[in-house]
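Q: Input structure: coords_39.cif, which contains mmCIF, C-alpha atoms.
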```
data_structure
loop_
_atom_site.label_atom_id
_atom_site.label_comp_id
_atom_site.auth_asym_id
_atom_site.auth_seq_id
_atom_site.Cartn_x
_atom_site.Cartn_y
_atom_site.Cartn_z
CA MET V 586 -25.65 -11.70 -12.23
CA TRP V 587 -22.50 -13.77 -12.36
CA ILE V 588 -22.16 -17.52 -12.51
CA TYR V 589 -19.00 -19.12 -11.23
CA GLU V 590 -17.29 -21.77 -13.29
CA LYS V 591 -15.20 -24.33 -11.43
CA LYS V 592 -12.08 -24.00 -13.56
CA LEU V 593 -9.25 -21.54 -14.15
CA GLN V 594 -9.05 -19.57 -17.39
CA TYR V 595 -5.52 -20.87 -17.92
CA PRO V 596 -3.70 -23.88 -16.45
CA VAL V 597 -1.59 -22.37 -13.65
CA ARG V 598 1.58 -24.21 -12.67
CA VAL V 599 4.19 -23.33 -10.06
CA SER V 600 7.41 -25.35 -9.98
CA THR V 601 9.22 -24.26 -6.82
CA CYS V 602 8.08 -23.67 -3.24
CA ASN V 603 9.18 -20.05 -3.17
CA PRO V 604 7.04 -17.77 -0.98
CA LYS V 605 9.20 -14.80 -1.99
CA LEU V 606 7.44 -14.90 -5.37
CA ALA V 607 4.08 -14.80 -3.58
CA LYS V 608 5.14 -11.54 -1.99
CA TYR V 609 5.74 -10.04 -5.45
CA LEU V 610 2.58 -11.54 -6.93
CA ILE V 611 0.32 -10.08 -4.29
CA GLU V 612 0.92 -6.75 -6.06
CA GLN V 613 -1.38 -8.00 -8.82
CA TYR V 614 -3.93 -9.19 -6.26
CA GLY V 615 -4.48 -6.13 -4.10
CA GLY V 616 -2.23 -3.51 -5.70
CA ALA V 617 -3.15 -0.32 -7.55
CA ASP V 618 -2.84 -1.86 -11.03
CA GLY V 619 -3.83 -5.35 -9.98
CA GLU V 620 -6.65 -7.59 -11.14
CA LEU V 621 -9.03 -6.65 -8.32
CA ALA V 622 -8.65 -2.96 -9.12
CA ALA V 623 -9.16 -3.71 -12.82
CA ALA V 624 -12.33 -5.74 -12.29
CA LEU V 625 -13.85 -3.19 -9.92
CA ARG V 626 -12.90 -0.28 -12.19
CA TYR V 627 -14.57 -1.62 -15.34
CA LEU V 628 -17.57 -3.18 -13.65
CA ASN V 629 -18.24 0.14 -11.93
CA GLN V 630 -17.67 2.43 -14.92
CA ARG V 631 -19.99 0.44 -17.16
CA TYR V 632 -23.19 1.91 -15.69
CA THR V 633 -22.45 5.37 -17.01
CA ILE V 634 -20.76 4.68 -20.35
CA PRO V 635 -22.50 4.81 -23.76
CA ASP V 636 -24.43 1.62 -24.58
CA LYS V 637 -22.09 0.82 -27.44
CA VAL V 638 -19.24 -0.08 -25.06
CA MET V 639 -21.16 -1.40 -22.03
CA GLY V 640 -20.70 -4.96 -23.26
CA LEU V 641 -16.95 -4.52 -23.58
CA LEU V 642 -16.55 -3.16 -20.03
CA THR V 643 -18.73 -5.96 -18.66
CA ASP V 644 -16.77 -8.65 -20.48
CA ILE V 645 -13.29 -7.35 -19.71
CA GLY V 646 -14.31 -6.74 -16.08
CA THR V 647 -15.50 -10.33 -15.89
CA GLU V 648 -12.27 -11.66 -17.41
CA GLU V 649 -10.34 -9.70 -14.76
CA LEU V 650 -12.12 -11.71 -12.07
CA ALA V 651 -10.80 -14.86 -13.76
CA HIS V 652 -7.31 -13.35 -13.68
CA LEU V 653 -7.74 -12.52 -9.99
CA GLU V 654 -8.44 -16.20 -9.39
CA MET V 655 -5.28 -17.16 -11.32
CA ILE V 656 -3.14 -14.84 -9.21
CA ALA V 657 -4.79 -16.13 -6.04
CA THR V 658 -4.03 -19.69 -7.14
CA MET V 659 -0.37 -18.83 -7.70
CA VAL V 660 -0.07 -17.13 -4.29
CA TYR V 661 -1.92 -19.97 -2.58
CA LYS V 662 0.29 -22.64 -4.14
CA LEU V 663 3.49 -20.72 -3.32
CA THR V 664 2.61 -20.36 0.36
CA LYS V 665 0.39 -23.29 1.30
CA ASP V 666 3.18 -25.60 2.46
CA ALA V 667 5.88 -23.04 3.13
CA THR V 668 7.51 -23.35 6.55
CA LEU V 669 7.61 -20.46 9.00
CA GLU V 670 11.33 -20.20 8.31
CA GLN V 671 10.66 -19.83 4.60
CA LEU V 672 7.93 -17.26 5.21
CA LYS V 673 10.29 -15.29 7.45
CA GLU V 674 13.05 -15.46 4.88
CA ALA V 675 10.64 -14.26 2.19
CA GLY V 676 9.72 -11.21 4.25
CA LEU V 677 6.23 -12.57 4.85
CA ASP V 678 6.60 -12.69 8.65
CA ALA V 679 4.58 -9.49 9.06
CA HIS V 680 1.90 -10.96 6.80
CA TYR V 681 1.90 -14.17 8.79
CA VAL V 682 1.30 -12.57 12.18
CA ASP V 683 -1.79 -10.82 10.86
CA HIS V 684 -3.15 -13.41 8.40
CA ASP V 685 -1.33 -16.75 8.77
CA ARG V 686 -1.29 -18.02 5.18
CA ALA V 687 -4.57 -16.39 4.22
CA LEU V 688 -4.57 -14.19 1.15
CA PHE V 689 -5.32 -10.55 1.70
CA TYR V 690 -6.00 -7.63 -0.61
CA HIS V 691 -2.82 -5.65 -0.23
CA ASN V 692 0.14 -4.82 -2.45
CA ALA V 693 3.68 -6.20 -2.40
CA ALA V 694 4.62 -3.66 0.28
CA GLY V 695 1.66 -4.67 2.49
CA VAL V 696 -0.44 -1.56 1.84
CA PRO V 697 -4.13 -2.56 1.97
CA PHE V 698 -6.33 -2.19 -1.09
CA THR V 699 -8.20 1.09 -1.38
CA ALA V 700 -10.96 2.34 -3.70
CA THR V 701 -8.76 5.36 -4.43
CA TYR V 702 -6.80 3.11 -6.82
CA ILE V 703 -9.68 3.37 -9.27
CA GLN V 704 -11.58 6.23 -10.80
CA ALA V 705 -14.94 6.77 -12.44
CA LYS V 706 -15.17 10.27 -13.84
CA GLY V 707 -18.39 9.66 -15.75
CA ASP V 708 -16.86 11.15 -18.88
CA PRO V 709 -16.61 8.28 -21.39
CA ILE V 710 -13.34 9.29 -23.06
CA THR V 711 -11.72 10.07 -19.71
CA ASP V 712 -12.76 6.73 -18.27
CA LEU V 713 -11.58 4.77 -21.30
CA TYR V 714 -8.21 6.52 -21.24
CA GLU V 715 -7.90 5.56 -17.58
CA ASP V 716 -8.66 1.98 -18.60
CA ILE V 717 -6.04 1.97 -21.36
CA ALA V 718 -3.49 3.36 -18.90
CA ALA V 719 -4.47 0.75 -16.31
CA GLU V 720 -3.89 -2.07 -18.80
CA GLU V 721 -0.47 -0.71 -19.78
CA LYS V 722 0.49 -0.30 -16.12
CA ALA V 723 -0.56 -3.87 -15.41
CA ARG V 724 1.45 -5.05 -18.44
CA ALA V 725 4.53 -3.27 -17.08
CA THR V 726 3.97 -4.71 -13.60
CA TYR V 727 3.87 -8.23 -15.06
CA GLN V 728 7.17 -7.50 -16.81
CA TRP V 729 8.81 -6.44 -13.55
CA ILE V 730 7.48 -9.54 -11.75
CA ILE V 731 8.69 -11.80 -14.58
CA ASN V 732 12.11 -10.11 -14.27
CA MET V 733 12.22 -10.98 -10.56
CA SER V 734 11.04 -14.57 -10.98
CA ASP V 735 13.21 -17.59 -11.74
CA ASP V 736 10.25 -19.99 -11.90
CA PRO V 737 9.62 -20.86 -15.56
CA ASP V 738 6.19 -22.40 -14.91
CA LEU V 739 5.02 -19.38 -12.96
CA ASN V 740 6.35 -17.09 -15.67
CA ASP V 741 4.35 -19.03 -18.24
CA GLY V 742 1.14 -18.05 -16.43
CA LEU V 743 2.36 -14.48 -15.95
CA ARG V 744 3.15 -14.22 -19.68
CA PHE V 745 -0.43 -15.23 -20.44
CA LEU V 746 -1.75 -12.54 -18.09
CA ARG V 747 0.59 -9.93 -19.57
CA GLU V 748 -0.58 -10.78 -23.08
CA ARG V 749 -4.19 -10.30 -21.97
CA GLU V 750 -3.34 -6.75 -20.86
CA ILE V 751 -2.19 -6.05 -24.42
CA ILE V 752 -5.48 -7.34 -25.83
CA HIS V 753 -7.57 -5.42 -23.32
CA ALA V 754 -5.71 -2.18 -24.07
CA GLN V 755 -6.33 -2.84 -27.77
CA ARG V 756 -10.09 -3.23 -27.22
CA PHE V 757 -10.29 -0.11 -25.05
CA ARG V 758 -8.49 1.81 -27.80
CA GLU V 759 -11.08 0.52 -30.26
CA ALA V 760 -13.83 1.59 -27.86
CA VAL V 761 -12.44 5.14 -27.97
CA GLU V 762 -12.58 5.00 -31.77
CA ILE V 763 -16.18 3.77 -31.64
CA LEU V 764 -17.17 6.70 -29.42
CA LYS V 765 -15.41 9.13 -31.78
CA GLU V 766 -17.10 7.61 -34.83
CA GLU V 767 -19.36 9.79 -36.93
CA ARG V 768 -20.51 7.37 -39.57
CA ASP V 769 -23.48 5.78 -37.76
CA ARG V 770 -24.90 9.11 -36.67
CA LYS V 771 -27.68 10.89 -38.49
CA LYS V 772 -26.52 14.29 -39.60
CA PHE V 773 -28.86 17.23 -39.32
CA PHE V 774 -27.94 20.29 -41.37
CA MET A 409 13.64 -5.27 -38.74
CA PHE A 410 10.61 -4.29 -36.72
CA THR A 411 10.74 -4.94 -33.00
CA THR A 412 8.50 -4.09 -30.05
CA ARG A 413 11.63 -3.48 -27.96
CA LYS A 414 13.10 0.03 -28.04
CA GLN A 415 16.29 1.31 -26.50
CA TYR A 416 17.79 4.54 -25.25
CA GLU A 417 21.08 5.51 -23.64
CA PRO A 418 20.75 7.42 -20.37
CA TYR A 419 23.26 10.17 -19.59
CA VAL A 420 26.21 8.88 -17.57
CA SER A 421 27.78 11.24 -15.03
CA PRO A 422 31.28 10.63 -13.66
CA PHE A 423 29.69 11.14 -10.24
CA ASP A 424 27.05 8.36 -10.59
CA PRO A 425 27.56 6.03 -7.59
CA CYS A 426 26.56 2.73 -9.27
CA PRO A 427 28.18 1.21 -12.38
CA PRO A 428 26.11 2.66 -15.23
CA ILE A 429 23.43 0.75 -17.08
CA ARG A 430 24.33 2.14 -20.50
CA VAL A 431 21.34 0.94 -22.48
CA LYS A 432 17.76 0.92 -21.21
CA THR A 433 15.05 -1.10 -22.95
CA TYR A 434 11.31 -0.54 -23.02
CA VAL A 435 8.35 -2.19 -24.68
CA THR A 436 6.04 -0.79 -27.33
CA ALA A 437 3.45 -3.59 -27.52
CA PRO A 438 1.64 -4.42 -30.79
CA ASN A 439 -1.50 -2.57 -29.66
CA GLN A 440 0.47 0.64 -30.25
CA TYR A 441 0.59 -0.06 -33.99
CA VAL A 442 -2.49 -1.98 -35.06
CA GLY A 443 -5.13 0.73 -34.77
CA PHE A 444 -8.70 -0.54 -35.15
CA GLN A 445 -8.25 -4.27 -35.80
CA PRO A 446 -9.17 -5.14 -39.40
CA PRO A 447 -11.28 -8.28 -40.01
CA ASN A 448 -9.92 -11.71 -40.99
CA LEU A 449 -6.46 -11.41 -39.47
CA PRO A 450 -4.53 -14.70 -39.15
CA GLN A 451 -5.26 -16.69 -36.00
CA PHE A 452 -3.39 -19.27 -33.94
CA PRO A 453 -4.86 -22.78 -33.68
CA LEU A 454 -7.02 -23.03 -30.53
CA HIS A 455 -4.56 -24.73 -28.24
CA GLU A 456 -1.71 -22.48 -29.25
CA ALA A 457 -3.93 -19.43 -28.79
CA LEU A 458 -4.55 -20.43 -25.17
CA LYS A 459 -0.84 -20.89 -24.50
CA LYS A 460 0.00 -17.57 -26.13
CA GLY A 461 -2.84 -15.56 -24.61
CA THR A 462 -4.16 -14.24 -27.91
CA LEU A 463 -6.24 -15.67 -30.74
CA TRP A 464 -4.69 -13.28 -33.26
CA LYS A 465 -1.04 -13.62 -34.21
CA ILE A 466 -0.54 -9.91 -34.70
CA PHE A 467 -0.88 -9.20 -30.96
CA TYR A 468 1.51 -11.90 -29.77
CA ASP A 469 4.39 -10.28 -27.91
CA PRO A 470 6.01 -12.67 -25.40
CA TYR A 471 8.14 -11.34 -22.57
CA TYR A 472 10.89 -13.34 -20.88
CA GLY A 473 12.78 -12.45 -17.71
CA PRO A 474 16.56 -12.49 -17.26
CA TYR A 475 16.47 -15.94 -15.61
CA GLU A 476 14.70 -17.42 -18.61
CA MET A 477 16.86 -15.56 -21.13
CA LYS A 478 19.90 -17.43 -19.84
CA THR A 479 18.38 -20.75 -20.81
CA LYS A 480 16.17 -19.79 -23.73
CA GLY A 481 18.25 -17.18 -25.49
CA ASP A 482 15.19 -15.43 -26.95
CA GLY A 483 15.98 -11.81 -27.56
CA GLN A 484 13.89 -9.45 -25.48
CA MET W 69 -9.94 -35.86 -1.16
CA LYS W 70 -8.83 -38.15 -3.98
CA GLN W 71 -6.32 -36.75 -6.44
CA VAL W 72 -7.66 -36.15 -9.94
CA PRO W 73 -6.27 -38.37 -12.74
CA GLN W 74 -4.01 -37.14 -15.53
CA GLU W 75 -6.98 -37.21 -17.94
CA TYR W 76 -8.64 -34.51 -15.86
CA TYR W 77 -5.92 -32.04 -16.83
CA GLU W 78 -6.05 -33.02 -20.50
CA LEU W 79 -9.80 -32.67 -20.84
CA LEU W 80 -9.75 -29.48 -18.80
CA GLU W 81 -7.14 -27.96 -21.10
CA GLN W 82 -9.24 -28.82 -24.15
CA LEU W 83 -12.13 -26.95 -22.58
CA GLN W 84 -9.86 -24.08 -21.57
CA ALA W 85 -8.60 -23.79 -25.16
CA VAL W 86 -12.09 -23.54 -26.65
CA ASP W 87 -13.27 -21.21 -23.89
CA PHE W 88 -10.26 -18.98 -24.37
CA ALA W 89 -11.04 -18.53 -28.06
CA LEU W 90 -14.63 -17.72 -27.07
CA VAL W 91 -13.45 -15.08 -24.59
CA ASP W 92 -11.11 -13.47 -27.10
CA LEU W 93 -13.78 -13.55 -29.80
CA THR W 94 -16.29 -12.03 -27.38
CA LEU W 95 -14.06 -9.01 -26.75
CA TYR W 96 -13.41 -8.72 -30.49
CA LEU W 97 -17.11 -8.84 -31.31
CA ASP W 98 -17.83 -6.23 -28.64
CA THR W 99 -15.96 -3.77 -30.88
CA HIS W 100 -16.68 -5.50 -34.24
CA PRO W 101 -20.37 -6.38 -34.04
CA THR W 102 -20.82 -6.77 -37.80
CA ASP W 103 -18.00 -9.26 -38.53
CA TYR W 104 -20.12 -12.09 -39.93
CA GLN W 105 -17.27 -14.61 -40.18
CA ALA W 106 -16.19 -14.02 -36.59
CA ILE W 107 -19.78 -14.57 -35.42
CA GLN W 108 -19.92 -17.83 -37.36
CA GLN W 109 -16.69 -18.96 -35.72
CA PHE W 110 -18.07 -17.88 -32.35
CA ASN W 111 -21.25 -19.92 -32.78
CA GLN W 112 -19.36 -23.00 -33.94
CA LEU W 113 -17.06 -22.81 -30.92
CA ALA W 114 -20.03 -22.26 -28.61
CA GLN W 115 -21.46 -25.53 -29.94
CA LYS W 116 -18.15 -27.29 -29.37
CA ARG W 117 -17.83 -25.99 -25.80
CA LYS W 118 -21.31 -27.29 -25.03
CA GLN W 119 -20.19 -30.82 -25.95
CA LEU W 120 -16.91 -30.51 -24.06
CA LYS W 121 -18.70 -29.21 -20.97
CA LYS W 122 -21.04 -32.20 -21.04
CA GLN W 123 -18.13 -34.59 -21.43
CA PHE W 124 -16.12 -32.98 -18.63
CA GLU W 125 -19.07 -32.90 -16.24
CA SER W 126 -19.93 -36.55 -16.84
CA CYS W 127 -16.40 -37.44 -15.65
CA TYR W 128 -15.62 -34.83 -13.01
CA GLY W 129 -18.87 -33.31 -11.81
CA PRO W 130 -20.57 -29.95 -12.28
CA LEU W 131 -18.63 -26.98 -13.67
CA GLN W 132 -21.31 -24.45 -12.79
CA GLN W 133 -24.13 -24.35 -10.33
CA TYR W 134 -27.25 -22.31 -9.63
CA GLY W 135 -28.87 -24.81 -12.00
CA ASN W 136 -26.50 -24.44 -14.92
CA SER W 137 -25.40 -28.02 -14.30
CA TYR W 138 -27.32 -31.05 -13.01
CA SER W 139 -26.52 -32.69 -9.70
CA ASN W 140 -26.22 -36.33 -8.61
CA TYR W 141 -27.48 -37.48 -5.23
CA PRO W 142 -26.10 -36.41 -2.84
CA TRP W 143 -25.35 -32.83 -3.92
CA ASN W 144 -22.00 -33.09 -5.72
CA TRP W 145 -20.91 -29.46 -6.27
CA ASN W 146 -18.27 -29.73 -3.57
CA ASP W 147 -17.04 -33.23 -4.43
CA SER W 148 -14.31 -32.49 -6.97
CA PRO W 149 -11.31 -30.40 -5.93
CA TRP W 150 -11.38 -26.65 -6.56
CA PRO W 151 -9.39 -24.94 -9.32
CA TRP W 152 -6.74 -23.57 -6.96
CA GLN W 153 -6.19 -27.01 -5.43
CA VAL W 154 -5.53 -29.14 -8.51
#
```
Output the file's structure in the form of structure tokens.

A:
Amino acid sequence: MWIYEKKLQYPVRVSTCNPKLAKYLIEQYGGADGELAAALRYLNQRYTIPDKVMGLLTDIGTEELAHLEMIATMVYKLTKDATLEQLKEAGLDAHYVDHDRALFYHNAAGVPFTATYIQAKGDPITDLYEDIAAEEKARATYQWIINMSDDPDLNDGLRFLREREIIHAQRFREAVEILKEERDRKKFF
Amino acid sequence: MFTTRKQYEPYVSPFDPCPPIRVKTYVTAPNQYVGFQPPNLPQFPLHEALKKGTLWKIFYDPYYGPYEMKTKGDGQ
Amino acid sequence: MKQVPQEYYELLEQLQAVDFALVDLTLYLDTHPTDYQAIQQFNQLAQKRKQLKKQFESCYGPLQQYGNSYSNYPWNWNDSPWPWQV
């Protein structure tokens, strides 16, 4: 089971009321390489992966849920007091008529989240390579969002999240090496 | 000097409609080089580790956007 | 709801710093299960986070529920602001 902790993993700050940035950030909420997709991918693959890396998938999947909460916090803060004029100007008018200021699992272009963003092939190497690719894609997405953002406080949080993608990719690479490893196995000749 | 930023120069056609971007940059993050992490690598102090997003110095690879570059001047 | 004081953020960040190291060490140990030194560091930090959690909760209420924290009367889980609000 999971136990919620009433705190963010990292202190999120946003310095300007700029709902346009929320529109970009929602990509990492309900987009193909976002934090929801990441959490669901790893927490689903872990059932059918060798025992040696089940812990890693569980723990990274759990950390992704913490990242999802950070992104949600950023989006929430950027939109909570935005006027209708600001929302319109930010291109969030279509979002508003369907959801008001509620968050929703869709990408920056408004496409709703779909399970087809993630895969579970049941082949351990295949799944881990998908995970490595997912982390690198998320890292790149954070770069493009940072490039579009002029909010230094927001970028500070995004830099943290981008750095975590690097670490996760590193651990998944190590997991591949563990599954390739011969040394712990008894040899029968 | 080693950098995790690499560059290439895309082909420029006289018929390209936009002014050319002559140099493109991409990132090769530290995880591309470390391999299986060896034990006892240097760490950041706890508070700094939180701010940087990694406990181990070797993986630290900050990324700044163009708006921040203007004020900070950190090379990408 | 009352705004939290400046000290809330400071204590929270201390806890976040220790917890972050524990998260990063957890992922490391998932792929390096025989690194004795890292496990020692992990256990020391786990001890430290236990103290910090206690300190934070005595000031600002429960961090976890389902019985992982105690409650005052009346039920105080919802009393302090939520992470996305502060």

Q: Leu95 (chain W): which residues within 9 Å, counting all atoms listed in the file, same-chain residues fewer than 2 positions away excluded, as an NGL selection string?

A: (:V and (640-641 or 644-645 or 752-753 or 756)) or (:W and (90-93 or 97-100))

Q: Report as a PyMOL selection string the residues that result from applying the PyMOL selection byres ((chain V) within 10 of (chain A)) to the structure here.

A: chain V and resi 594-596+721+724-725+727-737+740-756+758-763

Q: With C-alpha atoms retained, export the selected residues as a short mmCIF file (atom, residue, chain, number, x, y, z; two decimals), in the frame of the given file.

A:
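File selection19.cif, as written:
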```
data_model
loop_
_atom_site.label_atom_id
_atom_site.label_comp_id
_atom_site.auth_asym_id
_atom_site.auth_seq_id
_atom_site.Cartn_x
_atom_site.Cartn_y
_atom_site.Cartn_z
CA GLN V 594 -9.05 -19.57 -17.39
CA TYR V 595 -5.52 -20.87 -17.92
CA PRO V 596 -3.70 -23.88 -16.45
CA GLU V 721 -0.47 -0.71 -19.78
CA ARG V 724 1.45 -5.05 -18.44
CA ALA V 725 4.53 -3.27 -17.08
CA TYR V 727 3.87 -8.23 -15.06
CA GLN V 728 7.17 -7.50 -16.81
CA TRP V 729 8.81 -6.44 -13.55
CA ILE V 730 7.48 -9.54 -11.75
CA ILE V 731 8.69 -11.80 -14.58
CA ASN V 732 12.11 -10.11 -14.27
CA MET V 733 12.22 -10.98 -10.56
CA SER V 734 11.04 -14.57 -10.98
CA ASP V 735 13.21 -17.59 -11.74
CA ASP V 736 10.25 -19.99 -11.90
CA PRO V 737 9.62 -20.86 -15.56
CA ASN V 740 6.35 -17.09 -15.67
CA ASP V 741 4.35 -19.03 -18.24
CA GLY V 742 1.14 -18.05 -16.43
CA LEU V 743 2.36 -14.48 -15.95
CA ARG V 744 3.15 -14.22 -19.68
CA PHE V 745 -0.43 -15.23 -20.44
CA LEU V 746 -1.75 -12.54 -18.09
CA ARG V 747 0.59 -9.93 -19.57
CA GLU V 748 -0.58 -10.78 -23.08
CA ARG V 749 -4.19 -10.30 -21.97
CA GLU V 750 -3.34 -6.75 -20.86
CA ILE V 751 -2.19 -6.05 -24.42
CA ILE V 752 -5.48 -7.34 -25.83
CA HIS V 753 -7.57 -5.42 -23.32
CA ALA V 754 -5.71 -2.18 -24.07
CA GLN V 755 -6.33 -2.84 -27.77
CA ARG V 756 -10.09 -3.23 -27.22
CA ARG V 758 -8.49 1.81 -27.80
CA GLU V 759 -11.08 0.52 -30.26
CA ALA V 760 -13.83 1.59 -27.86
CA VAL V 761 -12.44 5.14 -27.97
CA GLU V 762 -12.58 5.00 -31.77
CA ILE V 763 -16.18 3.77 -31.64
#
```

Q: Counting only C-alpha atoms, give me one row per residue of chain W with an atom at most 8 Å from an atom of chain V, showing the shortest contact pair and its distance in Å to one decimal, sorted by chain then residue number, as a Markdown table.

A:
```
| residue | atom | partner | partner_atom | distance |
| --- | --- | --- | --- | --- |
| W:Leu80 | CA | V:Lys592 | CA | 7.9 |
| W:Glu81 | CA | V:Pro596 | CA | 7.1 |
| W:Gln84 | CA | V:Gln594 | CA | 6.2 |
| W:Asp87 | CA | V:Gln594 | CA | 7.9 |
| W:Phe88 | CA | V:Gln594 | CA | 7.1 |
| W:Thr94 | CA | V:Asp644 | CA | 7.7 |
| W:Leu95 | CA | V:Leu641 | CA | 6.2 |
| W:Tyr96 | CA | V:Arg756 | CA | 7.2 |
| W:Asp98 | CA | V:Leu641 | CA | 5.4 |
| W:Thr99 | CA | V:Ala760 | CA | 6.5 |
| W:Pro130 | CA | V:Lys591 | CA | 7.8 |
| W:Leu131 | CA | V:Lys591 | CA | 4.9 |
| W:Gln132 | CA | V:Glu590 | CA | 4.9 |
| W:Gln133 | CA | V:Tyr589 | CA | 7.4 |
| W:Tyr134 | CA | V:Ile588 | CA | 7.6 |
| W:Trp150 | CA | V:Lys591 | CA | 6.6 |
| W:Pro151 | CA | V:Lys592 | CA | 5.1 |
| W:Trp152 | CA | V:Thr658 | CA | 4.7 |
| W:Gln153 | CA | V:Thr658 | CA | 7.8 |
```

Q: Keeping C-alpha atoms for every residue in the selection just given, could you write it to a file as an mmCIF file, keeping the file's coordinate frame?

A:
```cif
data_model
loop_
_atom_site.group_PDB
_atom_site.id
_atom_site.type_symbol
_atom_site.label_atom_id
_atom_site.label_comp_id
_atom_site.auth_asym_id
_atom_site.auth_seq_id
_atom_site.Cartn_x
_atom_site.Cartn_y
_atom_site.Cartn_z
ATOM 1 C CA LEU W 80 -9.750 -29.480 -18.800
ATOM 2 C CA GLU W 81 -7.140 -27.960 -21.100
ATOM 3 C CA GLN W 84 -9.860 -24.080 -21.570
ATOM 4 C CA ASP W 87 -13.270 -21.210 -23.890
ATOM 5 C CA PHE W 88 -10.260 -18.980 -24.370
ATOM 6 C CA THR W 94 -16.290 -12.030 -27.380
ATOM 7 C CA LEU W 95 -14.060 -9.010 -26.750
ATOM 8 C CA TYR W 96 -13.410 -8.720 -30.490
ATOM 9 C CA ASP W 98 -17.830 -6.230 -28.640
ATOM 10 C CA THR W 99 -15.960 -3.770 -30.880
ATOM 11 C CA PRO W 130 -20.570 -29.950 -12.280
ATOM 12 C CA LEU W 131 -18.630 -26.980 -13.670
ATOM 13 C CA GLN W 132 -21.310 -24.450 -12.790
ATOM 14 C CA GLN W 133 -24.130 -24.350 -10.330
ATOM 15 C CA TYR W 134 -27.250 -22.310 -9.630
ATOM 16 C CA TRP W 150 -11.380 -26.650 -6.560
ATOM 17 C CA PRO W 151 -9.390 -24.940 -9.320
ATOM 18 C CA TRP W 152 -6.740 -23.570 -6.960
ATOM 19 C CA GLN W 153 -6.190 -27.010 -5.430
#
```

Q: Using all atoms of region 70-86 of chain W listed in the file and a margin of 6 Å per side, can you give the axis-aligned box centre and edge lengths in Å to one decimal, as lines of an AutoDock Vina configuration file?

A:
```
center_x = -8.1
center_y = -31.0
center_z = -15.3
size_x = 20.1
size_y = 26.8
size_z = 34.7
```

Q: Identify, on the basis of all atoms listed in the file, every residue whose closest approach to Ile710 (chain V) does not exceed 10 Å; exclude the query and any residue fewer than 4 positions from it along the same chain; express the result as a PyMOL selection string.

A: chain V and resi 634+706+714-716+760-762+764-765

Q: Please identify all polymer residues within 12 Å of Gln115 (chain W), counting all atoms listed in the file, omitting same-chain residues fewer than 4 positions from it, and present them as a list of chain:residue names.

A: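 Listing them by chain and then by number gives W:Leu83, W:Val86, W:Asp87, W:Leu90, W:Gln108, W:Gln109, W:Phe110, W:Asn111, W:Gln119, W:Leu120, W:Lys121, W:Lys122.
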
Q: Could you check how far CA of Ser139 (chain W) sits from CA of Lys118 (chain W), in Å to one decimal?

A: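 Separating CA of Ser139 (chain W) from CA of Lys118 (chain W) is a distance of 17.1 Å.
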
Q: By how many Å are CA of Leu79 (chain W) and CA of Pro142 (chain W) apart?

A: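 Taking CA of Leu79 (chain W) and CA of Pro142 (chain W), their separation equals 24.6 Å.
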
Q: Find the distance between CA of Ala705 (chain V) and CA of Leu688 (chain V) and write it in Å to one decimal.

A: 27.0 Å

Q: Spell out the residues picked by the PyMOL selection byres ((chain V and resi 633) around 10) here, as a PyMOL selection string.

A: chain V and resi 629-632+634-636+639+705-709+712

Q: Return as a tab-separated table (two decimals) with C-alpha atoms, keeping the file's coordinate frame the set of residues that the PyMOL selection byres ((chain V and resi 605) around 12) yields on the displayed structure.

A:
```
chain	number	residue	atom	x	y	z
V	601	THR	CA	9.22	-24.26	-6.82
V	602	CYS	CA	8.08	-23.67	-3.24
V	603	ASN	CA	9.18	-20.05	-3.17
V	604	PRO	CA	7.04	-17.77	-0.98
V	606	LEU	CA	7.44	-14.90	-5.37
V	607	ALA	CA	4.08	-14.80	-3.58
V	608	LYS	CA	5.14	-11.54	-1.99
V	609	TYR	CA	5.74	-10.04	-5.45
V	610	LEU	CA	2.58	-11.54	-6.93
V	611	ILE	CA	0.32	-10.08	-4.29
V	659	MET	CA	-0.37	-18.83	-7.70
V	660	VAL	CA	-0.07	-17.13	-4.29
V	663	LEU	CA	3.49	-20.72	-3.32
V	664	THR	CA	2.61	-20.36	0.36
V	667	ALA	CA	5.88	-23.04	3.13
V	670	GLU	CA	11.33	-20.20	8.31
V	671	GLN	CA	10.66	-19.83	4.60
V	672	LEU	CA	7.93	-17.26	5.21
V	673	LYS	CA	10.29	-15.29	7.45
V	674	GLU	CA	13.05	-15.46	4.88
V	675	ALA	CA	10.64	-14.26	2.19
V	676	GLY	CA	9.72	-11.21	4.25
V	677	LEU	CA	6.23	-12.57	4.85
V	678	ASP	CA	6.60	-12.69	8.65
V	693	ALA	CA	3.68	-6.20	-2.40
V	730	ILE	CA	7.48	-9.54	-11.75
V	733	MET	CA	12.22	-10.98	-10.56
V	734	SER	CA	11.04	-14.57	-10.98
V	735	ASP	CA	13.21	-17.59	-11.74
V	736	ASP	CA	10.25	-19.99	-11.90
```

Q: Can you tell me which residues surround Val420 (chain A) at a distance of at most 10 Å, considering all atoms listed in the file, apart from same-chain residues fewer than 6 positions away, and format the answer as a PyMOL selection string?

A: chain A and resi 427-430
